[in-house]
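Coordinates from entry-v9.txt are shown below (compact mmCIF, C-alpha atoms).
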# COMPACT_ATOMS: atom_id res chain seq x y z
CA MET Q 1 17.41 -4.32 -13.76
CA VAL Q 2 14.67 -6.80 -14.64
CA ILE Q 3 11.99 -5.38 -12.34
CA GLY Q 4 12.47 -1.92 -13.88
CA GLU Q 5 12.19 -3.31 -17.41
CA ALA Q 6 9.06 -5.26 -16.44
CA VAL Q 7 7.39 -2.18 -14.96
CA PHE Q 8 8.32 0.00 -17.93
CA GLU Q 9 7.05 -2.48 -20.53
CA ALA Q 10 3.84 -3.10 -18.57
CA ALA Q 11 3.22 0.65 -18.26
CA ARG Q 12 3.75 0.99 -22.00
CA MET Q 13 1.27 -1.82 -22.56
CA ALA Q 14 -1.33 -0.05 -20.39
CA ILE Q 15 -0.93 3.13 -22.45
CA MET Q 16 -1.52 1.15 -25.65
CA ASP Q 17 -4.59 -0.48 -24.11
CA LYS Q 18 -6.15 2.46 -22.27
CA ALA Q 19 -4.95 5.91 -23.35
CA ALA Q 20 -7.03 6.35 -26.51
CA THR Q 21 -10.25 5.52 -24.65
CA LEU Q 22 -9.54 7.40 -21.42
CA LEU Q 23 -7.87 10.44 -22.98
CA PRO Q 24 -9.11 10.80 -26.57
CA GLY Q 25 -7.08 13.28 -28.56
CA VAL Q 26 -4.32 13.43 -25.94
CA THR Q 27 -0.81 12.15 -26.63
CA VAL Q 28 0.72 10.26 -23.69
CA ASN Q 29 4.51 9.97 -23.78
CA LEU Q 30 6.45 7.53 -21.62
CA THR Q 31 10.17 7.90 -21.01
CA CYS Q 32 12.53 6.14 -18.60
CA ILE Q 33 15.80 6.64 -16.76
CA ASN Q 34 17.38 3.77 -14.85
CA SER Q 35 18.25 5.06 -11.37
CA LYS Q 36 19.55 1.59 -10.38
CA CYS Q 37 17.58 1.88 -7.14
CA VAL Q 38 20.01 4.49 -5.78
CA ASP Q 39 18.57 7.40 -3.81
CA ILE Q 40 20.64 10.34 -5.11
CA PRO Q 41 20.19 9.62 -8.85
CA THR Q 42 16.47 9.14 -8.17
CA TYR Q 43 16.25 12.44 -6.28
CA ASN Q 44 18.02 14.24 -9.11
CA ALA Q 45 15.82 12.66 -11.79
CA VAL Q 46 12.58 13.63 -10.07
CA TYR Q 47 13.90 17.10 -9.24
CA ASP Q 48 14.80 17.68 -12.90
CA LEU Q 49 11.33 16.53 -13.91
CA ALA Q 50 9.71 18.91 -11.49
CA GLU Q 51 11.87 21.85 -12.52
CA GLU Q 52 11.82 21.35 -16.26
CA LYS Q 53 8.33 19.89 -16.70
CA ALA Q 54 9.99 17.85 -19.39
CA GLU Q 55 10.89 14.49 -20.70
CA GLU Q 56 13.17 12.62 -18.34
CA GLY Q 57 12.50 10.73 -15.16
CA THR Q 58 12.48 7.37 -13.50
CA VAL Q 59 9.33 6.72 -15.49
CA ALA Q 60 7.24 9.74 -16.40
CA VAL Q 61 3.86 10.45 -17.86
CA VAL Q 62 3.86 13.60 -19.97
CA VAL Q 63 0.46 14.86 -21.07
CA ALA Q 64 1.13 18.33 -22.58
CA VAL Q 65 3.08 19.02 -19.35
CA LEU Q 66 4.43 16.70 -16.69
CA VAL Q 67 1.53 15.50 -14.55
CA ALA Q 68 2.92 12.51 -12.64
CA VAL Q 69 5.88 10.18 -12.12
CA LEU Q 70 5.65 6.40 -12.12
CA GLY Q 71 8.32 4.93 -9.85
CA GLU Q 72 10.51 4.20 -7.98
CA VAL Q 73 10.68 0.44 -7.76
CA CYS Q 74 12.88 0.38 -4.63
CA SER Q 75 11.86 1.75 -1.23
CA GLY Q 76 15.06 3.67 -0.46
CA ALA Q 77 14.93 5.44 -3.81
CA SER Q 78 11.21 6.13 -3.38
CA VAL Q 79 11.91 7.87 -0.06
CA ALA Q 80 14.18 10.27 -1.97
CA ALA Q 81 11.67 10.71 -4.80
CA ALA Q 82 8.79 11.37 -2.42
CA GLY Q 83 10.62 14.31 -0.86
CA VAL Q 84 10.74 16.07 -4.22
CA SER Q 85 7.22 15.12 -5.31
CA ASN Q 86 5.74 16.47 -2.08
CA ALA Q 87 7.64 19.75 -2.30
CA LYS Q 88 6.70 20.24 -5.96
CA LYS Q 89 3.15 18.82 -5.63
CA ILE Q 90 3.67 16.23 -8.34
CA PRO Q 91 1.92 12.87 -7.83
CA ILE Q 92 4.19 9.86 -7.83
CA ILE Q 93 3.01 6.25 -7.84
CA SER Q 94 5.22 3.27 -7.17
CA PRO Q 95 4.47 -0.23 -8.43
CA SER Q 96 6.65 -1.97 -5.86
CA SER Q 97 8.06 0.18 -3.01
CA THR Q 98 6.79 -1.23 0.27
CA SER Q 99 8.62 0.51 3.14
CA PRO Q 100 6.26 1.60 5.98
CA SER Q 101 8.12 4.94 6.12
CA LEU Q 102 6.35 5.92 2.88
CA SER Q 103 2.89 5.75 4.48
CA GLN Q 104 2.05 9.44 4.66
CA PRO Q 105 -0.98 11.48 3.48
CA ASP Q 106 0.93 13.23 0.70
CA PHE Q 107 1.64 13.02 -3.04
CA PHE Q 108 3.12 9.51 -2.91
CA PHE Q 109 0.91 6.56 -3.87
CA ARG Q 110 1.66 2.90 -4.48
CA VAL Q 111 -0.20 -0.06 -5.95
CA VAL Q 112 1.27 -2.37 -3.32
CA PRO Q 113 0.51 -2.30 0.40
CA SER Q 114 3.01 -1.24 3.04
CA ASP Q 115 5.32 -3.88 4.49
CA THR Q 116 3.18 -3.57 7.59
CA PHE Q 117 0.79 -5.79 5.64
CA GLN Q 118 3.45 -7.88 3.91
CA GLY Q 119 5.10 -8.63 7.26
CA SER Q 120 1.69 -9.65 8.57
CA ALA Q 121 1.04 -11.80 5.50
CA ILE Q 122 4.32 -13.66 5.93
CA ALA Q 123 3.67 -14.09 9.65
CA ASP Q 124 0.19 -15.46 8.96
CA LEU Q 125 1.59 -17.96 6.45
CA LEU Q 126 4.22 -19.18 8.92
CA VAL Q 127 1.71 -19.43 11.79
CA ASN Q 128 -0.72 -21.37 9.59
CA SER Q 129 2.18 -23.62 8.50
CA GLY Q 130 2.78 -24.59 12.13
CA HIS Q 131 6.05 -22.71 12.76
CA LYS Q 132 6.79 -21.56 16.30
CA ASN Q 133 10.37 -20.25 16.42
CA ILE Q 134 11.76 -18.24 13.52
CA GLY Q 135 15.20 -16.86 12.76
CA LEU Q 136 15.20 -13.48 11.01
CA VAL Q 137 18.00 -12.37 8.66
CA TYR Q 138 17.52 -8.79 7.50
CA GLU Q 139 19.40 -6.02 5.71
CA ASP Q 140 19.63 -2.61 7.39
CA THR Q 141 17.78 -0.69 4.67
CA PRO Q 142 14.31 0.92 4.57
CA TYR Q 143 12.98 -2.23 2.90
CA GLY Q 144 14.85 -4.75 5.06
CA TYR Q 145 14.16 -3.38 8.51
CA GLY Q 146 10.65 -2.25 7.59
CA LEU Q 147 9.67 -5.73 6.46
CA GLY Q 148 11.69 -7.52 9.14
CA PHE Q 149 10.27 -5.68 12.12
CA SER Q 150 6.74 -5.70 10.73
CA PHE Q 151 7.12 -9.47 10.57
CA ILE Q 152 8.39 -9.66 14.16
CA ALA Q 153 5.49 -7.56 15.46
CA SER Q 154 2.89 -9.72 13.72
CA PHE Q 155 4.48 -13.12 14.34
CA THR Q 156 4.99 -12.52 18.06
CA SER Q 157 1.43 -11.20 18.39
CA HIS Q 158 0.30 -14.67 17.25
CA GLY Q 159 2.36 -16.29 20.00
CA GLY Q 160 5.44 -17.06 17.90
CA ASN Q 161 9.05 -16.37 18.86
CA VAL Q 162 11.92 -14.75 16.94
CA PRO Q 163 14.90 -15.67 19.15
CA VAL Q 164 17.59 -15.18 16.47
CA VAL Q 165 17.91 -11.88 14.59
CA VAL Q 166 20.82 -11.40 12.18
CA MET Q 167 21.31 -7.88 10.81
CA PHE Q 168 23.78 -6.86 8.10
CA LYS Q 169 24.59 -3.47 6.59
CA LYS Q 170 23.63 -2.72 2.99
CA GLY Q 171 25.72 -4.82 0.63
CA GLN Q 172 27.78 -6.30 3.50
CA GLY Q 173 25.97 -9.54 4.25
CA ASN Q 174 28.09 -12.33 5.73
CA VAL Q 175 26.44 -15.55 4.59
CA ALA Q 176 28.66 -17.84 6.68
CA ASP Q 177 27.93 -15.87 9.87
CA ALA Q 178 24.17 -15.93 9.20
CA ILE Q 179 24.25 -19.72 8.70
CA ARG Q 180 26.24 -20.20 11.92
CA GLN Q 181 23.77 -18.17 13.96
CA LEU Q 182 20.79 -20.05 12.51
CA GLN Q 183 22.46 -23.39 13.19
CA ALA Q 184 23.04 -22.36 16.81
CA GLY Q 185 19.41 -21.27 17.06
CA LYS Q 186 18.23 -24.59 15.68
CA ALA Q 187 20.24 -26.41 18.38
CA SER Q 188 18.80 -24.27 21.20
CA SER Q 189 16.99 -26.16 23.95
CA THR Q 190 14.79 -23.15 24.77
CA TYR Q 191 13.46 -21.91 21.43
CA PRO Q 192 14.79 -24.26 18.72
CA LEU Q 193 14.39 -22.68 15.29
CA ASP Q 194 12.11 -24.48 12.85
CA ALA Q 195 12.30 -21.93 9.99
CA ALA Q 196 14.05 -18.73 8.89
CA PHE Q 197 12.86 -15.60 7.11
CA VAL Q 198 15.18 -13.47 4.94
CA ALA Q 199 14.21 -9.79 4.55
CA THR Q 200 16.51 -8.12 2.03
CA GLY Q 201 16.41 -6.53 -1.39
CA ASN Q 202 19.93 -7.86 -2.01
CA VAL Q 203 18.85 -10.43 -4.58
CA SER Q 204 20.76 -9.54 -7.72
CA PHE Q 205 21.20 -5.84 -8.37
CA VAL Q 206 24.05 -4.92 -6.01
CA ALA Q 207 27.70 -3.90 -6.37
CA GLY Q 208 29.81 -6.58 -7.97
CA ASN Q 209 26.70 -8.35 -9.24
CA ALA Q 210 26.59 -10.40 -6.03
CA SER Q 211 23.42 -11.78 -4.50
CA PHE Q 212 23.10 -12.32 -0.76
CA VAL Q 213 19.93 -14.37 -1.17
CA ALA Q 214 21.41 -16.69 -3.80
CA ASP Q 215 24.63 -17.16 -1.81
CA PHE Q 216 22.63 -17.71 1.39
CA LEU Q 217 20.42 -20.38 -0.17
CA VAL Q 218 23.37 -22.22 -1.68
CA ALA Q 219 25.27 -22.08 1.64
CA ALA Q 220 22.21 -23.24 3.59
CA LYS Q 221 21.90 -26.25 1.28
CA ALA Q 222 25.61 -27.06 1.54
CA ALA Q 223 25.52 -26.78 5.35
CA ASN Q 224 22.44 -29.00 5.51
CA LEU Q 225 20.69 -26.30 7.54
CA GLY Q 226 17.56 -28.43 7.47
CA MET Q 227 14.82 -25.85 7.97
CA GLN Q 228 12.21 -24.24 5.76
CA LEU Q 229 13.31 -20.86 4.42
CA TYR Q 230 11.08 -17.93 3.46
CA GLY Q 231 11.52 -14.66 1.60
CA GLY Q 232 9.48 -11.57 0.83
CA ASP Q 233 8.53 -9.98 -2.47
CA SER Q 234 12.12 -8.99 -3.37
CA SER Q 235 13.07 -12.64 -3.35
CA ALA Q 236 10.41 -13.27 -6.00
CA ASN Q 237 12.79 -11.54 -8.44
CA PRO Q 238 13.28 -13.88 -11.44
CA GLU Q 239 16.98 -12.96 -11.47
CA LEU Q 240 17.39 -15.13 -8.37
CA VAL Q 241 16.99 -18.28 -10.45
CA GLU Q 242 19.65 -16.99 -12.83
CA LYS Q 243 22.00 -16.33 -9.89
CA ILE Q 244 21.41 -19.81 -8.48
CA GLY Q 245 22.40 -21.18 -11.89
CA ALA Q 246 23.30 -24.87 -11.93
CA ARG Q 247 22.32 -25.33 -8.27
CA PRO Q 248 18.49 -25.39 -8.49
CA SER Q 249 18.19 -27.70 -5.48
CA ALA Q 250 19.07 -24.68 -3.33
CA LEU Q 251 15.57 -23.35 -4.08
CA SER Q 252 13.77 -26.56 -3.10
CA ASN Q 253 12.84 -25.44 0.41
CA PHE Q 254 12.56 -21.71 -0.26
CA THR Q 255 9.04 -20.21 -0.27
CA VAL Q 256 8.36 -16.60 -1.16
CA VAL Q 257 5.42 -14.35 -0.37
CA ALA Q 258 4.73 -11.76 -3.06
CA PRO Q 259 1.91 -9.68 -4.54
CA PHE Q 260 -0.45 -11.54 -6.87
CA PRO Q 261 1.28 -11.58 -10.29
CA GLY Q 262 -1.91 -11.18 -12.31
CA SER Q 263 -4.23 -13.49 -14.17
CA ALA Q 264 -2.90 -16.14 -16.53
CA ALA Q 265 -4.36 -14.18 -19.45
CA PHE Q 266 -2.44 -11.03 -18.49
CA GLN Q 267 0.78 -12.93 -17.89
CA GLN Q 268 0.53 -14.53 -21.35
CA ARG Q 269 -0.15 -11.19 -23.06
CA PHE Q 270 2.78 -9.61 -21.25
CA ALA Q 271 5.08 -12.50 -22.11
CA ASP Q 272 4.14 -12.10 -25.77
CA LEU Q 273 4.95 -8.37 -25.57
CA ILE Q 274 8.37 -9.09 -24.07
CA LYS Q 275 9.13 -11.63 -26.82
CA GLN Q 276 8.43 -9.00 -29.46
CA GLY Q 277 10.75 -6.37 -27.94
CA SER Q 278 14.32 -5.97 -26.72
CA ALA Q 279 13.69 -6.24 -22.95
CA ASP Q 280 15.37 -8.92 -20.87
CA PRO Q 281 13.32 -12.14 -21.33
CA LEU Q 282 13.29 -12.53 -17.52
CA ALA Q 283 11.04 -9.45 -17.34
CA ALA Q 284 8.17 -11.67 -18.49
CA GLN Q 285 8.42 -13.56 -15.18
CA SER Q 286 8.28 -10.54 -12.85
CA VAL Q 287 5.42 -10.46 -10.35
CA TYR Q 288 5.54 -6.66 -10.65
CA ALA Q 289 4.54 -6.45 -14.30
CA ALA Q 290 0.88 -6.48 -13.28
CA ARG Q 291 1.57 -3.73 -10.73
CA GLY Q 292 3.27 -1.60 -13.39
CA TYR Q 293 0.27 -2.04 -15.66
CA ASP Q 294 -2.18 -1.04 -12.93
CA ALA Q 295 -0.01 1.88 -11.79
CA MET Q 296 -0.22 3.37 -15.27
CA THR Q 297 -3.91 2.53 -15.57
CA VAL Q 298 -4.81 4.29 -12.33
CA LEU Q 299 -2.75 7.35 -13.34
CA LEU Q 300 -4.55 7.59 -16.67
CA GLN Q 301 -7.94 7.14 -15.01
CA ALA Q 302 -7.18 9.71 -12.32
CA TYR Q 303 -5.98 12.27 -14.85
CA ALA Q 304 -9.12 11.74 -16.92
CA ALA Q 305 -11.32 12.14 -13.82
CA ALA Q 306 -9.48 15.06 -12.23
CA GLN Q 307 -11.16 18.46 -12.05
CA GLY Q 308 -9.55 21.34 -13.94
CA PRO Q 309 -6.86 22.56 -14.06
CA LYS Q 310 -5.77 18.91 -13.64
CA ASP Q 311 -2.77 19.83 -11.52
CA GLY Q 312 -1.07 17.76 -8.83
CA PRO Q 313 -3.63 18.29 -6.04
CA ALA Q 314 -6.52 17.58 -8.43
CA ILE Q 315 -4.91 14.35 -9.63
CA VAL Q 316 -4.21 13.28 -6.03
CA ALA Q 317 -7.88 13.86 -5.18
CA ALA Q 318 -8.88 11.76 -8.18
CA LEU Q 319 -6.42 9.01 -7.21
CA GLN Q 320 -8.04 8.83 -3.77
CA ARG Q 321 -11.40 8.14 -5.45
CA GLN Q 322 -10.14 5.29 -7.65
CA ASN Q 323 -11.67 1.89 -6.97
CA PHE Q 324 -11.54 -0.82 -9.62
CA THR Q 325 -10.37 -4.34 -10.33
CA GLY Q 326 -7.13 -4.26 -12.29
CA VAL Q 327 -5.00 -7.05 -13.68
CA SER Q 328 -3.28 -7.29 -10.29
CA GLY Q 329 -6.54 -7.40 -8.32
CA ALA Q 330 -8.46 -4.76 -6.36
CA VAL Q 331 -7.03 -1.24 -6.66
CA ALA Q 332 -8.05 1.37 -4.08
CA PHE Q 333 -6.00 3.60 -1.79
CA ASP Q 334 -6.21 4.42 1.89
CA LYS Q 335 -5.69 7.95 3.26
CA ASN Q 336 -1.90 7.50 3.07
CA GLY Q 337 -1.91 6.53 -0.61
CA ASP Q 338 -1.18 2.88 0.18
CA LEU Q 339 -2.97 0.12 -1.70
CA VAL Q 340 -5.72 -1.32 0.49
CA ALA Q 341 -4.72 -4.94 1.07
CA THR Q 342 -7.21 -7.79 0.77
CA ASP Q 343 -7.03 -11.56 1.20
CA LYS Q 344 -6.19 -11.78 -2.52
CA THR Q 345 -3.29 -9.32 -2.48
CA TYR Q 346 -0.52 -11.75 -1.50
CA VAL Q 347 0.32 -15.21 -2.80
CA PHE Q 348 2.91 -17.75 -1.75
CA GLY Q 349 4.83 -20.30 -3.77
CA GLN Q 350 8.21 -21.34 -5.11
CA HIS Q 351 10.30 -20.33 -8.10
CA THR Q 352 9.79 -22.04 -11.43
CA ALA Q 353 12.71 -23.02 -13.64
CA LYS Q 354 12.08 -19.89 -15.74
CA GLY Q 355 12.17 -17.55 -12.73
CA GLY Q 356 8.48 -17.01 -12.18
CA ILE Q 357 6.47 -18.01 -9.12
CA SER Q 358 4.36 -21.16 -9.05
CA VAL Q 359 1.46 -19.86 -6.98
CA GLU Q 360 0.31 -22.31 -4.32
CA GLY Q 361 -2.37 -20.09 -2.79
CA PHE Q 362 -3.40 -16.72 -1.41
CA VAL Q 363 -2.40 -15.54 2.05
CA ASP Q 364 -5.24 -14.72 4.46
CA ILE Q 365 -3.92 -11.43 5.83
CA ALA Q 366 -6.95 -11.00 8.07
CA ASN Q 367 -6.30 -14.49 9.48
CA ASP Q 368 -9.79 -14.40 10.95
CA GLY Q 369 -11.52 -17.13 8.96
CA GLY Q 370 -14.86 -15.66 9.90
CA PRO Q 371 -17.18 -12.66 9.83
CA LYS Q 372 -15.79 -9.22 9.04
CA ASN Q 373 -15.29 -6.88 11.99
CA GLY Q 374 -15.92 -3.16 12.39
CA PRO Q 375 -12.53 -1.87 11.21
CA GLU Q 376 -12.68 -4.13 8.14
CA ILE Q 377 -16.14 -2.82 7.27
CA VAL Q 378 -14.98 0.79 7.73
CA ALA Q 379 -12.01 0.11 5.43
CA ALA Q 380 -14.42 -1.37 2.86
CA LEU Q 381 -16.68 1.69 3.14
CA GLN Q 382 -13.69 3.93 2.39
CA ARG Q 383 -13.14 1.98 -0.83
CA GLN Q 384 -16.69 2.37 -2.13
CA ASN Q 385 -17.03 4.36 -5.34
CA PHE Q 386 -20.14 3.94 -7.49
CA THR Q 387 -23.05 5.77 -9.08
CA GLY Q 388 -26.18 5.26 -7.01
CA VAL Q 389 -29.72 6.55 -7.51
CA SER Q 390 -28.66 9.79 -5.80
CA GLY Q 391 -25.54 10.20 -7.94
CA ALA Q 392 -21.85 9.56 -7.25
CA VAL Q 393 -21.15 7.82 -3.93
CA ALA Q 394 -17.62 7.94 -2.49
CA PHE Q 395 -16.29 8.99 0.90
CA ASP Q 396 -13.40 11.20 1.98
CA LYS Q 397 -11.09 10.33 4.91
CA ASN Q 398 -13.66 11.77 7.35
CA GLY Q 399 -16.48 9.58 6.04
CA ASP Q 400 -18.18 12.50 4.30
CA LEU Q 401 -19.64 12.13 0.82
CA VAL Q 402 -17.33 13.59 -1.82
CA ALA Q 403 -19.37 16.40 -3.38
CA THR Q 404 -19.48 16.96 -7.15
CA ASP Q 405 -21.21 19.42 -9.50
CA LYS Q 406 -24.15 17.02 -9.57
CA THR Q 407 -24.64 16.79 -5.82
CA TYR Q 408 -26.85 19.85 -5.30
CA VAL Q 409 -29.81 21.17 -7.30
CA VAL Q 410 -31.72 24.45 -7.28
CA GLY Q 411 -35.48 24.74 -7.67
CA GLN Q 412 -38.82 25.58 -6.10
CA HIS Q 413 -41.54 23.61 -4.38
CA THR Q 414 -44.26 21.99 -6.42
CA ALA Q 415 -47.90 21.95 -5.34
CA LYS Q 416 -47.42 18.42 -4.00
CA GLY Q 417 -44.43 19.40 -1.84
CA GLY Q 418 -41.60 18.16 -4.05
CA ILE Q 419 -38.91 20.20 -5.75
CA SER Q 420 -39.10 21.28 -9.38
CA VAL Q 421 -35.43 21.04 -10.32
CA GLU Q 422 -34.16 23.98 -12.37
CA GLY Q 423 -30.52 22.92 -12.54
CA PHE Q 424 -27.44 21.69 -10.74
CA VAL Q 425 -25.25 23.91 -8.54
CA ASP Q 426 -21.67 24.42 -9.70
CA ILE Q 427 -19.88 23.85 -6.36
CA THR Q 428 -16.41 24.05 -7.87
CA ASN Q 429 -17.20 27.62 -8.97
CA ASP Q 430 -15.28 27.14 -12.21
CA GLY Q 431 -17.96 28.63 -14.39
CA VAL Q 432 -18.93 25.34 -15.97
CA ARG Q 433 -22.58 24.54 -15.51
CA VAL Q 434 -22.74 20.76 -15.57
CA ALA Q 435 -26.40 20.45 -16.39
CA ALA Q 436 -29.48 22.65 -16.46
CA ALA Q 437 -33.20 22.28 -17.02
CA ALA Q 438 -34.38 22.58 -20.62
CA GLY Q 439 -35.09 26.13 -21.75
CA ARG Q 440 -32.90 27.83 -19.16
The structure in this file should be written as structure tokens.
Amino acid sequence: MVIGEAVFEAARMAIMDKAATLLPGVTVNLTCINSKCVDIPTYNAVYDLAEEKAEEGTVAVVVAVLVAVLGEVCSGASVAAAGVSNAKKIPIISPSSTSPSLSQPDFFFRVVPSDTFQGSAIADLLVNSGHKNIGLVYEDTPYGYGLGFSFIASFTSHGGNVPVVVMFKKGQGNVADAIRQLQAGKASSTYPLDAAFVATGNVSFVAGNASFVADFLVAAKAANLGMQLYGGDSSANPELVEKIGARPSALSNFTVVAPFPGSAAFQQRFADLIKQGSADPLAAQSVYAARGYDAMTVLLQAYAAAQGPKDGPAIVAALQRQNFTGVSGAVAFDKNGDLVATDKTYVFGQHTAKGGISVEGFVDIANDGGPKNGPEIVAALQRQNFTGVSGAVAFDKNGDLVATDKTYVVGQHTAKGGISVEGFVDITNDGVRVAAAAGR
């Protein structure tokens, strides 16, 4: 699967770039098992990792012992993986799983926002594009219904209508039936459809090597459906262009919304890496390469920053404090381990001939066009993490300063009323005195 290869190669690239500096003297091993986005193989892989503390997993970081798992790339498989990681207290970070059901304050993190935000981003784009009545075609999977109903909630809150909803079971999409229902919706005198949104992960990696999205786009073109079509991040998969094959005109009115694929400099470096290896050349076009790179980067940084004994809870605490600009954009997590979305998280555009996305612009997920409000400022405060004149400044979920071994000092009053500092107080009580006054 191309997205898996892209994530793996990007994670490997991050290790080459970052590990020696962040973890000097530590060997970081990266191994991979292809779960094919299926829940039971994913569950078994993560369970084996947790039990054996060893060398196999969806994608695993092994630093002396297993400390974290990087994966899964699909939401349904991530739901299975998260159950094991929570029970075994092993951090897991996904580069691409977006289902809202994964938003829990636990050991699961992701460098993409929940589909609550993606659905809102797509709705904002359609509202700003002047659409009023949308037909929704979605797959009954954690990804499909999560994205589809998040879209409905946001689009209708802006005054839009979703009068036609076509649901199909996993791997059982009926393209002809979907086209018929959309055509009927377009002919409606009450709420005539002017666009359709397809929410499914069934792009290329399904039984029989079929692709609902590719077949749907080709059928829509043949039926002269005559409306703008939209897809979410799954439809940004470069394999879609391969599936369309000699019928590129089917993509001419198909716009996708996906996470920012990274700077041009990163994309070129990654493309060069793919050329030098044995990965599928399409991996160079994946929008999730940048997310794979940042997922590994944040894991390495969190492990380096974690307090001893650097176990799962300590790494999770360090992950919550991460706040930096990666190759994919701003990286910081909310209390549920979800990436905090900004107005530069999502882009929209169309497929290039090579399978990438020609970015036309960013999606304004706030859709406010004006001053920031209270909740936005609070969210920004939660992301702050810097060294001020008083020391480290970062907040926990309650808005309290996160204390460190350099937060408190001990000393006595001076004649002028100040404090003569004798040393710092070791609040972690681990026996390591961080700093002390000279001569003590």
Original post:
Could you pull the residues within 9 Å of region 350-367 of chain Q, counting all atoms listed in the file, minus those fewer than 5 positions along the same chain, as a ChimeraX atom specification?
Top reply: /Q:117-118,120-125,128,236-242,248,251-258,260-261,282,284-287,341-345,376
Subject >> Polymer residues at most 12 Å from Ala290 (chain Q), only C-alpha atoms, same-chain spacing of 4 or more positions, as a ChimeraX atom specification >> reply: /Q:3,6-14,95-96,111-112,259-271,283-286,294-297,325-331,345
Go ahead and write the residues just picked, C-alpha atoms, as a short mmCIF file (atom, residue, chain, number, x, y, z; two decimals), in the coordinates of the input.
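And here is the file that came out, again_4.cif:
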data_model
loop_
_atom_site.label_atom_id
_atom_site.label_comp_id
_atom_site.auth_asym_id
_atom_site.auth_seq_id
_atom_site.Cartn_x
_atom_site.Cartn_y
_atom_site.Cartn_z
CA ILE Q 3 11.99 -5.38 -12.34
CA ALA Q 6 9.06 -5.26 -16.44
CA VAL Q 7 7.39 -2.18 -14.96
CA PHE Q 8 8.32 0.00 -17.93
CA GLU Q 9 7.05 -2.48 -20.53
CA ALA Q 10 3.84 -3.10 -18.57
CA ALA Q 11 3.22 0.65 -18.26
CA ARG Q 12 3.75 0.99 -22.00
CA MET Q 13 1.27 -1.82 -22.56
CA ALA Q 14 -1.33 -0.05 -20.39
CA PRO Q 95 4.47 -0.23 -8.43
CA SER Q 96 6.65 -1.97 -5.86
CA VAL Q 111 -0.20 -0.06 -5.95
CA VAL Q 112 1.27 -2.37 -3.32
CA PRO Q 259 1.91 -9.68 -4.54
CA PHE Q 260 -0.45 -11.54 -6.87
CA PRO Q 261 1.28 -11.58 -10.29
CA GLY Q 262 -1.91 -11.18 -12.31
CA SER Q 263 -4.23 -13.49 -14.17
CA ALA Q 264 -2.90 -16.14 -16.53
CA ALA Q 265 -4.36 -14.18 -19.45
CA PHE Q 266 -2.44 -11.03 -18.49
CA GLN Q 267 0.78 -12.93 -17.89
CA GLN Q 268 0.53 -14.53 -21.35
CA ARG Q 269 -0.15 -11.19 -23.06
CA PHE Q 270 2.78 -9.61 -21.25
CA ALA Q 271 5.08 -12.50 -22.11
CA ALA Q 283 11.04 -9.45 -17.34
CA ALA Q 284 8.17 -11.67 -18.49
CA GLN Q 285 8.42 -13.56 -15.18
CA SER Q 286 8.28 -10.54 -12.85
CA ASP Q 294 -2.18 -1.04 -12.93
CA ALA Q 295 -0.01 1.88 -11.79
CA MET Q 296 -0.22 3.37 -15.27
CA THR Q 297 -3.91 2.53 -15.57
CA THR Q 325 -10.37 -4.34 -10.33
CA GLY Q 326 -7.13 -4.26 -12.29
CA VAL Q 327 -5.00 -7.05 -13.68
CA SER Q 328 -3.28 -7.29 -10.29
CA GLY Q 329 -6.54 -7.40 -8.32
CA ALA Q 330 -8.46 -4.76 -6.36
CA VAL Q 331 -7.03 -1.24 -6.66
CA THR Q 345 -3.29 -9.32 -2.48
#
Original post:
Which one of Q:Ser249, Q:Gln307, Q:Ser114, Q:Gln384 sits closest to Thr404 (chain Q) if you count only C-alpha atoms?
Top reply: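 Checking each candidate against Thr404 (chain Q), we get Q:Gln307 as the closest.
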Subject >> Atom-to-atom span, CA of Val393 (chain Q) and CA of Val69 (chain Q), Å >> reply: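 Straight-line distance from CA of Val393 (chain Q) to CA of Val69 (chain Q) works out to 28.3 Å.
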Original post:
What's the 9 Å shell around region 70-87 of chain Q, counting all atoms listed in the file, without same-chain residues fewer than 2 positions away, as a PyMOL selection string?
Top reply: chain Q and resi 3-4+7+11+35-47+50+57-61+68+89-99+101-102+106-108+110+141-143+201+292+295-296+299
Original post:
Between CA of Asp338 (chain Q) and CA of Pro100 (chain Q), what is the distance, to one decimal in Å?
Top reply: 9.5 Å
**OP:** Pick out the closest residue to Ala317 (chain Q) from this set: Q:Ala246, Q:Ala199, Q:Val165, Q:Ala394. Count all atoms listed in the file.
**Re:** Q:Ala394
Subject >> Nearest to Lys186 (chain Q), chosen from Q:Met227, Q:His131, Q:Ile33, Q:Ala20, with only C-alpha atoms counted in the distances >> reply: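 So, comparing all the options, the nearest one is Q:Met227.
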**OP:** Can you work out which one of Q:Ile134, Q:Ser154, Q:Ala304, Q:Pro313 has the shortest atom-to-atom distance to Lys88 (chain Q), counting all atoms listed in the file?
**Re:** Q:Pro313
